[in-house]
Amino acid sequence: MSEYDYDLFVIGAGSGGVRAARLSAELGARVAIAEEYRIGGTCVIRGCVPKKLLVYGSSYGSEFRDARGFGWACDKLAFDWPTLIGNVRREVDRLNGVYTRTLEKAGVARFLTRAVLEDANTIRLADRDGTISARTILVATGSHPVIPDVPGREHLITSNECFLLEKLPASLVIIGAGYIGMEFASIFNGLGVKVTVLYRGDQVLRDFDMDLRDGLAEAMRNRGVDLRMDTEIASITKEGEGYRVHLKRGDSVAAGLVMAATGRIPNTQGLGLEKIGVALGPNGRVVVDEFSKSSVDNIYAVGDVTDRKNLTPVAIHDANAFAETLFNGTPTKVDYSVIPTAVFSQPEIGTVGLSEEKARELKGQGAIDIYKTSFRPLRSMISGRDEKTLMKLVVDMKTDKVLGVHMLGPDAAEIVQMAAIALRLGATKDDFDKTMPLHPSAAEELVTLRHKWEMPAPVAGSDAAA
Ligand code: NDP
């Protein structure tokens with residue numbers, strides 16, 4: 001008889017928590033999990049999955065317009081938000097059921113309530129008296145949206161509330177131009193909402209490759225999104241049925257709804273972590289070592305709560321490694337060196353490895369070769385869509401290794417996922433060149449990029465020109 005009720009108690013049933021709980025149970029551990037909202041977590045319930053369904057839903061408008069050139073008559077289009085959001089919610093419910101049954105099948109005990117730590121081995125559940133004990137605790141509580149600290153912040157919604165809207169607003173202001181800002185601006189724009197994005201920086205998607213940033217901003221503007229850079233918010237006030245966003249430079253923008261897409265912070269508040277000596281870093285993230293262990297020996301953390309790379313597949317890899325390490329006797333570290341990522345904006349971005357700017361910073365200004373192309377996809381020749389696809393390789397001049405693959409255009413996420421395998425295997429530009437193209441495709445451009453991009457010669461300064 002063990003001295004503890006469970007070998008493992010997981011707090012948070014999102015992508016990381018569910019994976020860790022299931023695998024650990026399958027490896028023979030006695031496991032329990034607590035979740036205060038819905039099993040599935042952000043990704044499944046109000047993040048990646050329902051968002052991607054909204055992306056599909058919002059793309060049809062432009063698809064129908066494109067179809068005309070191919071002979072389809074699509075003149076009487078009508079869109080019904082309740083149908084789309086109703087179907088999205090049904091799919092989320094289905095997935096919630098799938099995740100719940102997965103845990104059930106693995107023999108994981110489930111507590112649908114908030115859990116807090118009393119000490120390093122004792123958990124108190126909000127919906128009952130008494131406590132539960134466990135040898136190991138895994139904190140997998142994820143993150144939540146940050147709401148900027150401006151007067152009128154109570155008027156702001158976040159991406160969470162977008163899935164609860166019963167009707168679409170006529171106009172939407174989005175604050176922030178990161179992943180969520182770009183994705184939701186595209187979704188609502190595609191559904192016919194007038195969208196304005198207000199961003200404090202000088203170009204969208206900080207830290208992405210500059211060609212992607214410029215290309216996406218131009219394409220989104222051409223699709224009708226009002227992107228305003230160097231724009232800071234002063235306050236938000238209620239105005240009639242909607243709101244008014246006042247800007248620091250003096251003017252203002254009216255909107256039916258205002259959404260903050262200003263980042264996310266780890267969910268560590270009120271869990272009792274500080275009290276038992278778990279070291280927390282900036283924004284309250286749990287500080288962990290390469291085996292996801294916190295500063296307290298039996299307490300581990302995976303996923304967004306550790307604020308390493310806040311992406312679902314990373315949380316899942318963290319969770320796999322955790323279960324292997326703790327319950328399969330194989331100490332396992334996660335390799336974070338090659339992480340592909342996509343922004344499901346319209347058009348879409350797929351990217352893996354170093355941006356041109358980062359590569360120049362790390363390897364030296366003259367140590368990088370750039371290969372890039374920008375072209376109208378075959379389909380657009382008939383659809384009439386005037387939007388270019390961009391592809392770019394960042395190559396180490398000395399070793400010929402491909403350091404980064406970047407794409408803006410249809411299927412970028414699908415294509416870059418495959419390119420990530422090549423990068424992980426250390427592929428060189430020569431390997432790309434020797435790969436037989438698949439024709440006719442867009443992706444073949446990645447293996448037929450023959451000419452190095454030359455930095456334009458400096459333009460004669462105004463003095464010289466004078
Ligand atoms: P991001 O960090 O991507 O972007 C936040 C944006 O808000 C930036 O433009 C930032 O500006 C701006 N911002 C931050 N604080 C303020 C403030 N106080 N006032 C005004 N602007 C502000 O966060 P998101 O919310 O878009 O997404 C959260 C995370 O979720 C992502 O980082 C990603 O890890 C994950 N995610 C991943 C997705 C995917 O894989 N496709 C999709 C959605 C989310 P600045 O650049 O100047 O800091």
# chains A, B, ... in the order shown; residues from 1 in each chain; ligands from 1

$ closest_atom_pairs --of "chain A" --to "ligand 1" --cutoff "7 Å" --atoms "only C-alpha atoms and all ligand atoms" --output "JSON lines"
{"residue": "A:Gly47", "atom": "CA", "partner": "ligand 1", "partner_atom_place_in_ligand_line": "43 (C)", "distance": 6.9}
{"residue": "A:Cys48", "atom": "CA", "partner": "ligand 1", "partner_atom_place_in_ligand_line": "42 (C)", "distance": 6.2}
{"residue": "A:Pro145", "atom": "CA", "partner": "ligand 1", "partner_atom_place_in_ligand_line": "25 (O)", "distance": 6.5}
{"residue": "A:Pro148", "atom": "CA", "partner": "ligand 1", "partner_atom_place_in_ligand_line": "18 (N)", "distance": 4.4}
{"residue": "A:Asp149", "atom": "CA", "partner": "ligand 1", "partner_atom_place_in_ligand_line": "18 (N)", "distance": 6.7}
{"residue": "A:Ile175", "atom": "CA", "partner": "ligand 1", "partner_atom_place_in_ligand_line": "21 (N)", "distance": 6.0}
{"residue": "A:Gly176", "atom": "CA", "partner": "ligand 1", "partner_atom_place_in_ligand_line": "7 (O)", "distance": 3.6}
{"residue": "A:Ala177", "atom": "CA", "partner": "ligand 1", "partner_atom_place_in_ligand_line": "9 (O)", "distance": 3.7}
{"residue": "A:Gly178", "atom": "CA", "partner": "ligand 1", "partner_atom_place_in_ligand_line": "4 (O)", "distance": 3.4}
{"residue": "A:Tyr179", "atom": "CA", "partner": "ligand 1", "partner_atom_place_in_ligand_line": "26 (O)", "distance": 3.9}
{"residue": "A:Ile180", "atom": "CA", "partner": "ligand 1", "partner_atom_place_in_ligand_line": "26 (O)", "distance": 3.6}
{"residue": "A:Gly181", "atom": "CA", "partner": "ligand 1", "partner_atom_place_in_ligand_line": "26 (O)", "distance": 5.3}
{"residue": "A:Tyr199", "atom": "CA", "partner": "ligand 1", "partner_atom_place_in_ligand_line": "9 (O)", "distance": 6.1}
{"residue": "A:Arg200", "atom": "CA", "partner": "ligand 1", "partner_atom_place_in_ligand_line": "47 (O)", "distance": 5.8}
{"residue": "A:Gly201", "atom": "CA", "partner": "ligand 1", "partner_atom_place_in_ligand_line": "47 (O)", "distance": 5.1}
{"residue": "A:Val204", "atom": "CA", "partner": "ligand 1", "partner_atom_place_in_ligand_line": "9 (O)", "distance": 6.6}
{"residue": "A:Leu205", "atom": "CA", "partner": "ligand 1", "partner_atom_place_in_ligand_line": "9 (O)", "distance": 6.2}
{"residue": "A:Arg206", "atom": "CA", "partner": "ligand 1", "partner_atom_place_in_ligand_line": "46 (O)", "distance": 4.8}
{"residue": "A:Glu232", "atom": "CA", "partner": "ligand 1", "partner_atom_place_in_ligand_line": "20 (C)", "distance": 6.6}
{"residue": "A:Ala261", "atom": "CA", "partner": "ligand 1", "partner_atom_place_in_ligand_line": "25 (O)", "distance": 4.3}
{"residue": "A:Thr262", "atom": "CA", "partner": "ligand 1", "partner_atom_place_in_ligand_line": "7 (O)", "distance": 3.2}
{"residue": "A:Gly263", "atom": "CA", "partner": "ligand 1", "partner_atom_place_in_ligand_line": "25 (O)", "distance": 3.2}
{"residue": "A:Arg264", "atom": "CA", "partner": "ligand 1", "partner_atom_place_in_ligand_line": "28 (C)", "distance": 5.0}
{"residue": "A:Lys309", "atom": "CA", "partner": "ligand 1", "partner_atom_place_in_ligand_line": "34 (O)", "distance": 6.5}
{"residue": "A:Asn310", "atom": "CA", "partner": "ligand 1", "partner_atom_place_in_ligand_line": "34 (O)", "distance": 4.0}
{"residue": "A:Leu311", "atom": "CA", "partner": "ligand 1", "partner_atom_place_in_ligand_line": "34 (O)", "distance": 5.3}
{"residue": "A:Thr341", "atom": "CA", "partner": "ligand 1", "partner_atom_place_in_ligand_line": "40 (O)", "distance": 5.7}
{"residue": "A:Ala342", "atom": "CA", "partner": "ligand 1", "partner_atom_place_in_ligand_line": "41 (N)", "distance": 4.9}
{"residue": "A:Val343", "atom": "CA", "partner": "ligand 1", "partner_atom_place_in_ligand_line": "41 (N)", "distance": 4.4}
{"residue": "A:Phe344", "atom": "CA", "partner": "ligand 1", "partner_atom_place_in_ligand_line": "41 (N)", "distance": 5.7}

$ atom_distance --atom1 "atom CA of A:Asn121" --atom2 "atom CA of A:Leu138"
10.9 Å

$ residues_around --residues "A:Ile276" --least-positions-apart "2" --cutoff "9 Å" --atoms "only C-alpha atoms" --output "list in words"
Leu117, Glu118, Asp119, Ala120, Gly272, Leu273, Glu274, Val278 and Val296 of chain A

$ write_last_selection --atoms "all heavy atoms" --output "PDB file, in the first residue's frame"
ATOM      1  N   LEU A 117      -2.492  23.633  -4.128  1.00  0.00           N
ATOM      2  CA  LEU A 117      -1.553  22.833  -3.350  1.00  0.00           C
ATOM      3  C   LEU A 117      -1.511  23.327  -1.902  1.00  0.00           C
ATOM      4  O   LEU A 117      -1.397  24.527  -1.663  1.00  0.00           O
ATOM      5  CB  LEU A 117      -0.156  22.923  -3.978  1.00  0.00           C
ATOM      6  CG  LEU A 117      -0.046  22.281  -5.361  1.00  0.00           C
ATOM      7  CD1 LEU A 117       1.322  22.539  -5.963  1.00  0.00           C
ATOM      8  CD2 LEU A 117      -0.300  20.782  -5.256  1.00  0.00           C
ATOM      9  N   GLU A 118      -1.601  22.374  -0.974  1.00  0.00           N
ATOM     10  CA  GLU A 118      -1.453  22.733   0.449  1.00  0.00           C
ATOM     11  C   GLU A 118       0.004  22.587   0.854  1.00  0.00           C
ATOM     12  O   GLU A 118       0.533  23.370   1.614  1.00  0.00           O
ATOM     13  CB  GLU A 118      -2.320  21.817   1.299  1.00  0.00           C
ATOM     14  CG  GLU A 118      -3.780  22.092   1.093  1.00  0.00           C
ATOM     15  CD  GLU A 118      -4.533  22.212   2.403  1.00  0.00           C
ATOM     16  OE1 GLU A 118      -4.192  21.505   3.387  1.00  0.00           O
ATOM     17  OE2 GLU A 118      -5.462  23.030   2.437  1.00  0.00           O
ATOM     18  N   ASP A 119       0.621  21.513   0.380  1.00  0.00           N
ATOM     19  CA  ASP A 119       2.067  21.361   0.514  1.00  0.00           C
ATOM     20  C   ASP A 119       2.532  20.554  -0.694  1.00  0.00           C
ATOM     21  O   ASP A 119       1.735  20.291  -1.603  1.00  0.00           O
ATOM     22  CB  ASP A 119       2.462  20.719   1.867  1.00  0.00           C
ATOM     23  CG  ASP A 119       1.938  19.306   2.023  1.00  0.00           C
ATOM     24  OD1 ASP A 119       1.989  18.536   1.039  1.00  0.00           O
ATOM     25  OD2 ASP A 119       1.461  18.955   3.125  1.00  0.00           O
ATOM     26  N   ALA A 120       3.788  20.159  -0.714  1.00  0.00           N
ATOM     27  CA  ALA A 120       4.353  19.571  -1.936  1.00  0.00           C
ATOM     28  C   ALA A 120       3.697  18.248  -2.327  1.00  0.00           C
ATOM     29  O   ALA A 120       3.863  17.790  -3.462  1.00  0.00           O
ATOM     30  CB  ALA A 120       5.855  19.386  -1.771  1.00  0.00           C
ATOM     31  N   GLY A 272      -0.946  28.102  -4.817  1.00  0.00           N
ATOM     32  CA  GLY A 272      -0.184  27.717  -3.621  1.00  0.00           C
ATOM     33  C   GLY A 272       1.273  27.393  -3.926  1.00  0.00           C
ATOM     34  O   GLY A 272       1.977  26.831  -3.081  1.00  0.00           O
ATOM     35  N   LEU A 273       1.720  27.736  -5.114  1.00  0.00           N
ATOM     36  CA  LEU A 273       3.083  27.339  -5.525  1.00  0.00           C
ATOM     37  C   LEU A 273       4.165  28.076  -4.727  1.00  0.00           C
ATOM     38  O   LEU A 273       5.121  27.455  -4.248  1.00  0.00           O
ATOM     39  CB  LEU A 273       3.268  27.595  -7.026  1.00  0.00           C
ATOM     40  CG  LEU A 273       2.420  26.712  -7.936  1.00  0.00           C
ATOM     41  CD1 LEU A 273       2.461  27.206  -9.371  1.00  0.00           C
ATOM     42  CD2 LEU A 273       2.906  25.266  -7.867  1.00  0.00           C
ATOM     43  N   GLU A 274       3.995  29.412  -4.589  1.00  0.00           N
ATOM     44  CA  GLU A 274       5.030  30.199  -3.874  1.00  0.00           C
ATOM     45  C   GLU A 274       5.165  29.692  -2.445  1.00  0.00           C
ATOM     46  O   GLU A 274       6.274  29.532  -1.935  1.00  0.00           O
ATOM     47  CB  GLU A 274       4.685  31.690  -3.811  1.00  0.00           C
ATOM     48  CG  GLU A 274       4.542  32.377  -5.147  1.00  0.00           C
ATOM     49  CD  GLU A 274       3.106  32.447  -5.603  1.00  0.00           C
ATOM     50  OE1 GLU A 274       2.359  31.449  -5.404  1.00  0.00           O
ATOM     51  OE2 GLU A 274       2.714  33.468  -6.177  1.00  0.00           O
ATOM     52  N   VAL A 278       8.026  26.794  -4.777  1.00  0.00           N
ATOM     53  CA  VAL A 278       8.260  26.623  -6.218  1.00  0.00           C
ATOM     54  C   VAL A 278       8.689  27.974  -6.787  1.00  0.00           C
ATOM     55  O   VAL A 278       7.966  28.965  -6.663  1.00  0.00           O
ATOM     56  CB  VAL A 278       6.978  26.127  -6.933  1.00  0.00           C
ATOM     57  CG1 VAL A 278       7.175  26.088  -8.449  1.00  0.00           C
ATOM     58  CG2 VAL A 278       6.580  24.748  -6.405  1.00  0.00           C
ATOM     59  N   VAL A 296      11.154  22.548  -6.658  1.00  0.00           N
ATOM     60  CA  VAL A 296      10.769  21.566  -5.629  1.00  0.00           C
ATOM     61  C   VAL A 296      10.804  20.186  -6.285  1.00  0.00           C
ATOM     62  O   VAL A 296      10.206  19.976  -7.345  1.00  0.00           O
ATOM     63  CB  VAL A 296       9.361  21.881  -5.067  1.00  0.00           C
ATOM     64  CG1 VAL A 296       8.880  20.790  -4.127  1.00  0.00           C
ATOM     65  CG2 VAL A 296       9.360  23.243  -4.371  1.00  0.00           C
TER      66      VAL A 296
END

$ atom_distance --atom1 "atom CA of A:Gly384" --atom2 "atom CA of A:Ala73"
15.1 Å

$ select_by_dssp --residues "stretch 256-444 of chain A" --states "alpha helix (DSSP H)" --output "MDAnalysis selection string"
chainID A and resid 312:327 356:363 378:383 412:424 429:434

$ select_by_dssp --residues "stretch 178-374 of chain A" --states "strand (DSSP E or B)" --output "mmCIF file with N, CA, C and O atoms, in the first residue's frame"
data_model
loop_
_atom_site.group_PDB
_atom_site.id
_atom_site.type_symbol
_atom_site.label_atom_id
_atom_site.label_comp_id
_atom_site.auth_asym_id
_atom_site.auth_seq_id
_atom_site.Cartn_x
_atom_site.Cartn_y
_atom_site.Cartn_z
ATOM 1 N N LYS A 194 -15.938 44.874 -40.455
ATOM 2 C CA LYS A 194 -14.927 45.908 -40.744
ATOM 3 C C LYS A 194 -13.887 45.847 -39.616
ATOM 4 O O LYS A 194 -14.206 46.120 -38.448
ATOM 5 N N VAL A 195 -12.650 45.484 -39.969
ATOM 6 C CA VAL A 195 -11.637 45.233 -38.925
ATOM 7 C C VAL A 195 -10.529 46.285 -38.969
ATOM 8 O O VAL A 195 -9.984 46.583 -40.033
ATOM 9 N N THR A 196 -10.208 46.813 -37.782
ATOM 10 C CA THR A 196 -9.064 47.725 -37.639
ATOM 11 C C THR A 196 -8.115 47.111 -36.615
ATOM 12 O O THR A 196 -8.551 46.693 -35.543
ATOM 13 N N VAL A 197 -6.829 47.028 -36.965
ATOM 14 C CA VAL A 197 -5.828 46.523 -36.012
ATOM 15 C C VAL A 197 -4.965 47.697 -35.573
ATOM 16 O O VAL A 197 -4.438 48.435 -36.414
ATOM 17 N N LEU A 198 -4.841 47.858 -34.259
ATOM 18 C CA LEU A 198 -4.008 48.935 -33.717
ATOM 19 C C LEU A 198 -2.771 48.296 -33.092
ATOM 20 O O LEU A 198 -2.884 47.459 -32.199
ATOM 21 N N ASP A 226 -7.810 47.251 -41.948
ATOM 22 C CA ASP A 226 -7.172 48.546 -41.687
ATOM 23 C C ASP A 226 -6.096 48.323 -40.613
ATOM 24 O O ASP A 226 -6.407 48.219 -39.425
ATOM 25 N N LEU A 227 -4.842 48.208 -41.042
ATOM 26 C CA LEU A 227 -3.736 47.963 -40.101
ATOM 27 C C LEU A 227 -3.083 49.296 -39.780
ATOM 28 O O LEU A 227 -2.584 49.968 -40.686
ATOM 29 N N ARG A 228 -3.073 49.676 -38.512
ATOM 30 C CA ARG A 228 -2.457 50.962 -38.144
ATOM 31 C C ARG A 228 -1.271 50.712 -37.218
ATOM 32 O O ARG A 228 -1.439 50.211 -36.100
ATOM 33 N N ILE A 233 -2.846 52.900 -27.453
ATOM 34 C CA ILE A 233 -4.214 53.129 -26.937
ATOM 35 C C ILE A 233 -4.146 53.996 -25.682
ATOM 36 O O ILE A 233 -3.328 53.733 -24.795
ATOM 37 N N ALA A 234 -5.048 54.974 -25.579
ATOM 38 C CA ALA A 234 -5.122 55.769 -24.344
ATOM 39 C C ALA A 234 -6.236 55.241 -23.452
ATOM 40 O O ALA A 234 -6.054 55.044 -22.252
ATOM 41 N N SER A 235 -7.413 54.990 -24.033
ATOM 42 C CA SER A 235 -8.546 54.505 -23.230
ATOM 43 C C SER A 235 -9.653 53.978 -24.143
ATOM 44 O O SER A 235 -9.603 54.178 -25.370
ATOM 45 N N ILE A 236 -10.615 53.325 -23.514
ATOM 46 C CA ILE A 236 -11.773 52.818 -24.263
ATOM 47 C C ILE A 236 -13.025 53.291 -23.528
ATOM 48 O O ILE A 236 -13.121 53.140 -22.300
ATOM 49 N N THR A 237 -13.969 53.867 -24.282
ATOM 50 C CA THR A 237 -15.211 54.302 -23.637
ATOM 51 C C THR A 237 -16.400 53.665 -24.355
ATOM 52 O O THR A 237 -16.297 53.263 -25.511
ATOM 53 N N LYS A 238 -17.507 53.588 -23.642
ATOM 54 C CA LYS A 238 -18.739 53.062 -24.228
ATOM 55 C C LYS A 238 -19.346 54.169 -25.093
ATOM 56 O O LYS A 238 -19.297 55.343 -24.726
ATOM 57 N N GLU A 239 -19.882 53.816 -26.241
ATOM 58 C CA GLU A 239 -20.523 54.822 -27.103
ATOM 59 C C GLU A 239 -21.697 54.165 -27.808
ATOM 60 O O GLU A 239 -21.492 53.303 -28.662
ATOM 61 N N GLY A 242 -21.901 50.488 -29.071
ATOM 62 C CA GLY A 242 -20.522 49.995 -29.213
ATOM 63 C C GLY A 242 -19.541 50.743 -28.329
ATOM 64 O O GLY A 242 -19.868 51.110 -27.192
ATOM 65 N N TYR A 243 -18.357 50.954 -28.849
ATOM 66 C CA TYR A 243 -17.267 51.529 -28.054
ATOM 67 C C TYR A 243 -16.469 52.513 -28.889
ATOM 68 O O TYR A 243 -16.527 52.501 -30.111
ATOM 69 N N ARG A 244 -15.673 53.340 -28.199
ATOM 70 C CA ARG A 244 -14.734 54.213 -28.893
ATOM 71 C C ARG A 244 -13.356 54.003 -28.279
ATOM 72 O O ARG A 244 -13.197 54.024 -27.053
ATOM 73 N N VAL A 245 -12.371 53.750 -29.142
ATOM 74 C CA VAL A 245 -11.002 53.549 -28.685
ATOM 75 C C VAL A 245 -10.257 54.860 -28.907
ATOM 76 O O VAL A 245 -10.142 55.331 -30.040
ATOM 77 N N HIS A 246 -9.793 55.436 -27.812
ATOM 78 C CA HIS A 246 -9.074 56.716 -27.895
ATOM 79 C C HIS A 246 -7.577 56.428 -27.978
ATOM 80 O O HIS A 246 -7.048 55.628 -27.212
ATOM 81 N N LEU A 247 -6.926 57.090 -28.918
ATOM 82 C CA LEU A 247 -5.515 56.837 -29.158
ATOM 83 C C LEU A 247 -4.660 57.909 -28.492
ATOM 84 O O LEU A 247 -5.103 59.049 -28.337
ATOM 85 N N SER A 252 -9.388 58.909 -32.559
ATOM 86 C CA SER A 252 -10.086 57.766 -31.959
ATOM 87 C C SER A 252 -10.732 56.913 -33.047
ATOM 88 O O SER A 252 -10.861 57.357 -34.196
ATOM 89 N N VAL A 253 -11.090 55.684 -32.681
ATOM 90 C CA VAL A 253 -11.734 54.765 -33.630
ATOM 91 C C VAL A 253 -12.976 54.192 -32.955
ATOM 92 O O VAL A 253 -12.907 53.759 -31.800
ATOM 93 N N ALA A 254 -14.095 54.168 -33.677
ATOM 94 C CA ALA A 254 -15.325 53.581 -33.126
ATOM 95 C C ALA A 254 -15.407 52.126 -33.545
ATOM 96 O O ALA A 254 -14.895 51.749 -34.611
ATOM 97 N N ALA A 255 -16.015 51.281 -32.719
ATOM 98 C CA ALA A 255 -16.140 49.858 -33.067
ATOM 99 C C ALA A 255 -17.283 49.206 -32.318
ATOM 100 O O ALA A 255 -17.613 49.617 -31.195
ATOM 101 N N LEU A 257 -17.119 46.110 -31.317
ATOM 102 C CA LEU A 257 -16.428 45.350 -30.260
ATOM 103 C C LEU A 257 -14.949 45.692 -30.302
ATOM 104 O O LEU A 257 -14.406 46.008 -31.365
ATOM 105 N N VAL A 258 -14.293 45.580 -29.161
ATOM 106 C CA VAL A 258 -12.852 45.824 -29.084
ATOM 107 C C VAL A 258 -12.210 44.603 -28.434
ATOM 108 O O VAL A 258 -12.641 44.160 -27.367
ATOM 109 N N MET A 259 -11.194 44.092 -29.110
ATOM 110 C CA MET A 259 -10.581 42.838 -28.640
ATOM 111 C C MET A 259 -9.107 43.062 -28.308
ATOM 112 O O MET A 259 -8.371 43.654 -29.090
ATOM 113 N N ALA A 260 -8.688 42.564 -27.157
ATOM 114 C CA ALA A 260 -7.257 42.604 -26.806
ATOM 115 C C ALA A 260 -6.620 41.303 -27.276
ATOM 116 O O ALA A 260 -7.088 40.216 -26.938
ATOM 117 N N ARG A 264 -0.281 36.382 -23.657
ATOM 118 C CA ARG A 264 -0.868 35.535 -22.631
ATOM 119 C C ARG A 264 0.141 35.367 -21.495
ATOM 120 O O ARG A 264 1.346 35.428 -21.737
ATOM 121 N N ILE A 265 -0.362 35.170 -20.265
ATOM 122 C CA ILE A 265 0.571 34.916 -19.161
ATOM 123 C C ILE A 265 0.209 33.627 -18.423
ATOM 124 O O ILE A 265 -0.948 33.211 -18.408
ATOM 125 N N PRO A 266 1.219 32.995 -17.821
ATOM 126 C CA PRO A 266 1.015 31.690 -17.178
ATOM 127 C C PRO A 266 -0.021 31.732 -16.051
ATOM 128 O O PRO A 266 -0.115 32.724 -15.321
ATOM 129 N N LEU A 280 9.177 30.954 -9.138
ATOM 130 C CA LEU A 280 8.440 31.495 -10.281
ATOM 131 C C LEU A 280 9.290 32.569 -10.954
ATOM 132 O O LEU A 280 9.990 33.324 -10.285
ATOM 133 N N VAL A 286 6.391 29.040 -14.076
ATOM 134 C CA VAL A 286 7.118 28.074 -13.241
ATOM 135 C C VAL A 286 8.491 27.854 -13.878
ATOM 136 O O VAL A 286 8.586 27.514 -15.059
ATOM 137 N N LYS A 293 11.399 19.788 -14.364
ATOM 138 C CA LYS A 293 11.293 19.758 -12.900
ATOM 139 C C LYS A 293 11.419 21.177 -12.342
ATOM 140 O O LYS A 293 12.278 21.946 -12.764
ATOM 141 N N ILE A 299 7.773 18.360 -7.869
ATOM 142 C CA ILE A 299 6.785 19.176 -8.606
ATOM 143 C C ILE A 299 7.347 19.530 -9.980
ATOM 144 O O ILE A 299 8.440 20.090 -10.099
ATOM 145 N N TYR A 300 6.593 19.182 -10.995
ATOM 146 C CA TYR A 300 6.999 19.406 -12.386
ATOM 147 C C TYR A 300 5.987 20.331 -13.055
ATOM 148 O O TYR A 300 4.879 20.535 -12.541
ATOM 149 N N ALA A 301 6.369 20.859 -14.207
ATOM 150 C CA ALA A 301 5.426 21.708 -14.956
ATOM 151 C C ALA A 301 5.709 21.572 -16.447
ATOM 152 O O ALA A 301 6.868 21.456 -16.860
ATOM 153 N N THR A 341 6.263 26.808 -37.033
ATOM 154 C CA THR A 341 5.057 27.468 -36.521
ATOM 155 C C THR A 341 4.311 28.128 -37.678
ATOM 156 O O THR A 341 4.902 28.406 -38.720
ATOM 157 N N ALA A 342 3.011 28.297 -37.467
ATOM 158 C CA ALA A 342 2.190 28.912 -38.517
ATOM 159 C C ALA A 342 1.370 30.031 -37.916
ATOM 160 O O ALA A 342 1.021 29.997 -36.741
ATOM 161 N N VAL A 343 1.084 31.021 -38.721
ATOM 162 C CA VAL A 343 0.076 32.006 -38.339
ATOM 163 C C VAL A 343 -1.052 31.786 -39.340
ATOM 164 O O VAL A 343 -0.847 31.929 -40.551
ATOM 165 N N ILE A 349 0.883 32.076 -42.956
ATOM 166 C CA ILE A 349 2.343 32.046 -42.809
ATOM 167 C C ILE A 349 2.762 30.688 -42.258
ATOM 168 O O ILE A 349 2.128 30.160 -41.339
ATOM 169 N N GLY A 350 3.849 30.143 -42.815
ATOM 170 C CA GLY A 350 4.489 28.966 -42.233
ATOM 171 C C GLY A 350 5.963 29.303 -42.121
ATOM 172 O O GLY A 350 6.546 29.873 -43.055
ATOM 173 N N THR A 351 6.574 28.985 -40.993
ATOM 174 C CA THR A 351 7.966 29.376 -40.817
ATOM 175 C C THR A 351 8.694 28.399 -39.910
ATOM 176 O O THR A 351 8.103 27.868 -38.970
ATOM 177 N N VAL A 352 9.945 28.140 -40.234
ATOM 178 C CA VAL A 352 10.755 27.273 -39.365
ATOM 179 C C VAL A 352 12.202 27.746 -39.441
ATOM 180 O O VAL A 352 12.681 28.137 -40.504
ATOM 181 N N GLY A 353 12.874 27.722 -38.299
ATOM 182 C CA GLY A 353 14.282 28.107 -38.264
ATOM 183 C C GLY A 353 14.463 29.608 -38.133
ATOM 184 O O GLY A 353 13.555 30.333 -37.715
ATOM 185 N N ILE A 368 25.476 34.952 -44.585
ATOM 186 C CA ILE A 368 24.178 34.366 -44.921
ATOM 187 C C ILE A 368 23.868 34.564 -46.399
ATOM 188 O O ILE A 368 24.073 35.648 -46.932
ATOM 189 N N ASP A 369 23.391 33.507 -47.035
ATOM 190 C CA ASP A 369 22.842 33.648 -48.386
ATOM 191 C C ASP A 369 21.313 33.604 -48.295
ATOM 192 O O ASP A 369 20.758 32.816 -47.513
ATOM 193 N N ILE A 370 20.697 34.416 -49.104
ATOM 194 C CA ILE A 370 19.224 34.434 -49.127
ATOM 195 C C ILE A 370 18.758 34.028 -50.523
ATOM 196 O O ILE A 370 19.272 34.512 -51.531
ATOM 197 N N TYR A 371 17.802 33.129 -50.552
ATOM 198 C CA TYR A 371 17.143 32.751 -51.806
ATOM 199 C C TYR A 371 15.673 33.028 -51.608
ATOM 200 O O TYR A 371 15.091 32.575 -50.613
ATOM 201 N N LYS A 372 15.082 33.778 -52.513
ATOM 202 C CA LYS A 372 13.646 34.012 -52.320
ATOM 203 C C LYS A 372 12.941 34.229 -53.649
ATOM 204 O O LYS A 372 13.561 34.598 -54.649
ATOM 205 N N THR A 373 11.670 33.967 -53.613
ATOM 206 C CA THR A 373 10.861 34.160 -54.804
ATOM 207 C C THR A 373 9.472 34.625 -54.382
ATOM 208 O O THR A 373 9.017 34.328 -53.278
ATOM 209 N N SER A 374 8.858 35.346 -55.269
ATOM 210 C CA SER A 374 7.510 35.807 -55.007
ATOM 211 C C SER A 374 6.768 35.682 -56.337
ATOM 212 O O SER A 374 7.252 36.154 -57.357
#

$ closest_atom_pairs --of "stretch 80-183 of chain A" --to "stretch 7-22 of chain A" --cutoff "7 Å" --atoms "only C-alpha atoms" --output "Markdown table"
| residue | atom | partner | partner_atom | distance |
| --- | --- | --- | --- | --- |
| A:Leu103 | CA | A:Arg22 | CA | 5.8 |
| A:Ala106 | CA | A:Arg22 | CA | 5.8 |
| A:Val108 | CA | A:Ala21 | CA | 6.9 |
| A:Ala115 | CA | A:Ile11 | CA | 6.6 |
| A:Ala134 | CA | A:Asp7 | CA | 5.4 |
| A:Arg135 | CA | A:Asp7 | CA | 5.0 |
| A:Thr136 | CA | A:Leu8 | CA | 4.8 |
| A:Ile137 | CA | A:Phe9 | CA | 4.9 |
| A:Leu138 | CA | A:Val10 | CA | 4.7 |
| A:Val139 | CA | A:Ile11 | CA | 5.1 |
| A:Ala140 | CA | A:Gly12 | CA | 4.9 |
| A:Thr141 | CA | A:Gly12 | CA | 4.5 |

$ residues_around --residues "stretch 443-460 of chain A" --least-positions-apart "3" --cutoff "7 Å" --atoms "only C-alpha atoms" --output "ChimeraX atom specification"
/A:369-372,391,415,432-433,435,437-439,464-465
